[in-house]
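To start, the structure itself, in structure tokens.
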Number of protein chains: 2
Amino acid sequence: MARINDNYLKLQAGYLFPEISRRISEFTQANPEANVIRLGIGDVTRPLVPAVLKAFHEGVDEMAAVETFHGYGPEQGYDWLAQTIVDKAYKPLGVDLKPSEVFISDGSKCDTGNILDIFDLGNKVAIGDPVYPVYNDTNVMVGRSGEMDDQGYYEGLVYMPCTEENGFNPEFPKEKVDLIYLCFPNNPTGTVATKEQLQGWVDYALANDAIILFDAAYEAYITEAGVPHSIYEIEGSKQCAMEFRSFSKTAGFTGVRCGLTVVPEELMGTTATGEKYSINKLWNRRQCTKFNGVSYPVQKAAAAVYSDEGWAQTKEIIDFYMENARIIREGLTTAGFQCFGGINAPYIWLKTPAGMTSWDFFDKLLNECFVVGTPGSGFGPSGEGYFRLSAFGERDNIVKAVQRIKEKWGK
Amino acid sequence: MARINDNYLKLQAGYLFPEISRRISEFTQANPEANVIRLGIGDVTRPLVPAVLKAFHEGVDEMAAVETFHGYGPEQGYDWLAQTIVDKAYKPLGVDLKPSEVFISDGSKCDTGNILDIFDLGNKVAIGDPVYPVYNDTNVMVGRSGEMDDQGYYEGLVYMPCTEENGFNPEFPKEKVDLIYLCFPNNPTGTVATKEQLQGWVDYALANDAIILFDAAYEAYITEAGVPHSIYEIEGSKQCAMEFRSFSKTAGFTGVRCGLTVVPEELMGTTATGEKYSINKLWNRRQCTKFNGVSYPVQKAAAAVYSDEGWAQTKEIIDFYMENARIIREGLTTAGFQCFGGINAPYIWLKTPAGMTSWDFFDKLLNECFVVGTPGSGFGPSGEGYFRLSAFGERDNIVKAVQRIKEKWGK
């Protein structure tokens with residue numbers, strides 16, 4: 001009798017984003033004339049930049065002749081892409097990595113989910129609250145939790161509330177944990193951690209023999225000097241942290257699919273018999289067995305992001321989105337909303353007015369302003385009463401959305 | 001203390017193909033002048049066909065303008081690609097599927113590994129022997145097995161020997177199993193199953209409440225009429241089978257990355273409390289949470305494979321490879337080798353001469369003929385004494401390789 005993985009039944013019915021899509025499509029079917037502006041899922045809207053397009057086309061062209069055709073590539077990604085990332089994304093931060101420590105993948109969502117494959121089920125896991133739902137749900141799916149309680153917390157997972165009181169920087173867990181998810185710049189709150197705060201986490205992880213799973217998918221959006229872009233800017237981090245990065249938000253690759261995971265050679269886990277074992281070696285084995293590398297033309301396109309021309313063009317788009325963020329943040333603040341984030345991240349985290357629930361605010365915003373955002377409660381119980389607006393979008397739409405919200409709420 | 005997944009330590013040191021690469025690179029470093037012909041990994045060598053290249057470029061071009069840009073796509077793949085597959089790959093076989101039963105992915109290797117996520121660890125798994133190593137290794141990695149014994153079998157997995165005696169068609173397991181991997185046309189033996197044989201498997205699965213994981217990655221290479229291309233040509237199969245397919249071998253996508261998994265709505269697993277639960281729903285949830293869809297231009301390219309023009313061009317390449325297979329098969333038979341496969345599959349499975357081990361034959365072939373193949377024992381204990389040659393390659397090389405082997409062994 002083929003038995004299913006019953007852990008899946010513990011999950012809430014709708015994964016956040018499909019549920020949002022469902023409500024939008026219900027609304028647009030009922031109101032076909034409404035000009036709905038989507039600041040919800042956080043998907044990029046600007047086209048790929050010319051340098052990236054050129055390299056992408058060249059990659060496709062290489063597939064047209066026997067001499068330049070590429071079949072199976074390395075499961076870890078091509079060396080030249082890993083080397084480019086080492087040189088262009090890390091060296092300027094003062095971080096030295098080897099290409100063999102960089103694993104190219106088809107995206108951070110996959111990696112942050114699949115990484116659980118290489119860890120024992122008995123590990124205690126700490127996640128933020130609110131949090132990118134993938135961290136929570138993949139741990140539930142793999143069987144690390146019990147059932148969800150009335151508040152929305154799963155038994156067995158350790159939640160670290162991120163609230164206005166602690167500046168959305170989680171406090172150290174009260175119980176001993178083995179794997180700690182951190183995401184800075186944070187999704188959904190748009191907040192960042194200082195070097196000192198991250199040093200605190202690294203020291204904590206080292207002292208507790210824990211591993212930090214650091215999600216830096218939004219690092220390119222940091223505008224303030226001094227804010228760390230990588231966990232590896234922190235002393236001791238190579239012994240206790242892996243880092244996830246993505247071309248999705250950095251370079252508009254959400255539909256192109258390319259990301260990467262850094263696993264330093266120094267990073268060790270512990271076997272059942274108490275010996276140290278290389279996490280790099282484990283992840284390599286996982287990827288070699290269950291993954292077949294990223295599309296060759298996509299890797300060519302990704303490398304072009306870090307060419308001088310490519311980066312200049314890419315940076316312009318990031319600046320464009322961050323100008324959107326400024327417009328949203330300032331507009332909503334003027335309208336009387338309390339806003340967080342939006343300075344070093346493309347997300348504005350706002351407090352819902354008059355104590356409305358996040359989903360009520362979602363429905364109200366959709367029905368009255370034709371604007372889609374993401375309910376904070378979808379990211380965890382501590383997100384209740386908050387709402388995420390994304391700065392991805394065309395300028396007209398951003399301005400229009402802010403205007404509609406101001407008209408509705410601003411007095 | 002971050003504990004690793006100790007199941008990984010049960011795996012043999014080298015995954016088969018990396019080990020082959022290692023030996024080749026050792027050899028070529030010592031013999032830089034040797035013209036090594038690789039008929040090992042089974043990677044395609046012919047360029048993408050013009051219709052596919054055109055669509056691939058068009059897909060990239062769409063990413064150049066706001067109006068046609070594609071960000072996140074459906075995790076399940078675009079409807080138009082799923083519909084194309086339903087219409088062009090299945091309807092001609094008399095198989096009716098819905099697009100929602102087709103999940104587009106970045107390849108069959110990923111899917112056949114990741115599919116284990118949705119099944120309970122307690123399921124008994126049956127795999128062929130020899131077998132595509134991914135089925136075996138992913139089950140070991142997930143913790144479904146004990147240690148490997150001296151013969152190379154992992155405790156707790158059920159192996160179905162495929163030998164000359166049973167025509168490389170596995171016999172039904174003697175103990176009750178819940179998940180059964182079948183691969184036809186078979187990798188590595190190149191053999192196929194008749195409709196009657198597959199009907200036997202479907203009846204067996206239905207009678208035992210088991211699920212068949214049917215790998216049809218090589219179906220496009222079937223040349224003989226009457227040989228089933230899909231498990232869904234078999235009555236009752238939708239209640240007991242999912243099917244994996246790939247553009248890798250069909251259309252030269254090994255470096256482009258696109259595959260698909262069919263999960264019929266009728267297919268049910270069983271929960272802990274004995275209720276039936278939709279496998280389609282489970283896999284959908286898995287993909288929505290841990291995967292972010294396939295690169296948009298890649299999906300455009302994949303759809304073009306099934307255009308009239310694209311398929312005519314694609315079929316030419318398949319015919320080209322199958323002519324290679326004929327040359328290898330006939331050449332080696334003339335040289336005195338006993339050969340299997342190579343008629344409905346791009347693999348020739350040969351018996352090593354004079355009872356040599358597979359790896360000894362590998363080394364001899366590499367050192368004396370500069371030809372790389374794949375040791376049969378790498379696919380499982382029953383593969384010992386066999387050797388796989390792949391028909392992927394340029395004609396010159398195929399002819400040269402056969403000639404060298406004939407010179408060495410043919411008398």
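Here, A, B, ... name the chains of the structure tokens in the order displayed, residue numbers run from 1 inside each chain, and ligands are numbered from 1 in the same displayed order.
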DSSP alpha helix (DSSP H) selection over range 167-375 of chain A, as a PyMOL selection string: chain A and resi 195-208+247-251+279-290+296-305+308-334+358-369
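The residue set within 8 Å of Gly255 in chain A, counting only C-alpha atoms and dropping same-chain residues fewer than 3 places from it, reads Ser248 and Gly252 of chain A; His70, Gly71, Tyr72, Gly73, Gly293, Val294, Ser295 and Tyr296 of chain B.
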For chain B, the closest of A:Ser382, A:Asn344, A:Asn186, A:Asn208 counting only C-alpha atoms is A:Asn208
Determine, counting only C-alpha atoms, which protein, DNA and RNA residues have an atom within 6 Å of an atom of range 338-340 of chain B; residues of the same chain fewer than 3 positions away are not included. Present the result as a PDB file with N, CA and C atoms, in the first residue's frame.
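Everything below was put into result12.pdb:
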```pdb
ATOM      1  N   ILE B 348      23.643   0.465 -25.985  1.00  0.00           N
ATOM      2  CA  ILE B 348      23.994  -0.921 -26.270  1.00  0.00           C
ATOM      3  C   ILE B 348      24.599  -1.499 -25.001  1.00  0.00           C
ATOM      4  N   TRP B 349      24.060  -2.615 -24.599  1.00  0.00           N
ATOM      5  CA  TRP B 349      24.466  -3.286 -23.361  1.00  0.00           C
ATOM      6  C   TRP B 349      25.224  -4.539 -23.777  1.00  0.00           C
ATOM      7  N   LEU B 350      26.517  -4.537 -23.544  1.00  0.00           N
ATOM      8  CA  LEU B 350      27.290  -5.679 -24.040  1.00  0.00           C
ATOM      9  C   LEU B 350      27.904  -6.464 -22.904  1.00  0.00           C
ATOM     10  N   LYS B 351      28.123  -7.719 -23.186  1.00  0.00           N
ATOM     11  CA  LYS B 351      28.761  -8.598 -22.216  1.00  0.00           C
ATOM     12  C   LYS B 351      30.269  -8.399 -22.348  1.00  0.00           C
TER      13      LYS B 351
END
```
